[in-house]
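Inspection log for the structure reproduced underneath, given as structure tokens.
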Amino acid sequence: MKKLILLISFLTLSWNTFSQTDTTKTSTQSKDTTQVCLPAPVARQVAKDLLRYDGCVEEIKLLYSKIDRLEDVSKVKTVMLELYEEKDKNTGFIIQQKDLQINQYEKLTDDLTKEVKSKRRSTVFWKITTGAATFLSVFLVLR
């Protein structure tokens with residue numbers, strides 16, 4: 001709505017000025033020269049508006065370049081986030097494999113402990129049996 005009001009005001013201000021053409025030609029002017037007469041306050045306002053327009057154009061250029069830089073930063077952040085997520089997945093996998101290894105080592109340790117106990121019992125049993133047989137055979141031989 002503001003743009004429409006601004007457009008209408010510019011058209012009304014410039015309507016009289018551009019419709020006035022100079023029909024008199026002097027010898028110093030070229031054939032196709034058109035003169036436009038503006039009152040001094042209107043000419044000042046036009047100059048101010050032109051300067052504001054130039055400033056706005058420059059500001060828009062700067063804003064677009066800033067938007068481009070921000071988009072680049074956003075892309076870099078997205079890539080870094082993806083890399084961190086992938087690294088997190090890899091770390092999770094490594095931790096899972098470590099836990100599986102620890103469980104296997106614990107089972108292996110339990111199995112080896114049971115095997116050592118059974119071998120120890122077997123060795124003690126055979127030592128007692130051998131000692132008893134030796135004692136019995138010595139006793140029978142001496143008797």
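Residues in the structure tokens are named by chain (A, B, ... in the order shown) and by number from 1 within that chain; ligands are numbered from 1 in the order shown.
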
_Residues of range 11-140 of chain A classed as alpha helix (DSSP H) by DSSP on the backbone are to be reported as number ranges by chain._
A: 11-19, 40-140

*Separation of CA of Asn103 in chain A and CA of Arg120 in chain A, in Å?*
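Answer for the CA of Asn103 in chain A to CA of Arg120 in chain A separation: 25.6 Å.
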
*Tell me, in Å to one decimal, how far CA of Leu38 in chain A is from CA of Arg52 in chain A.*
19.3 Å
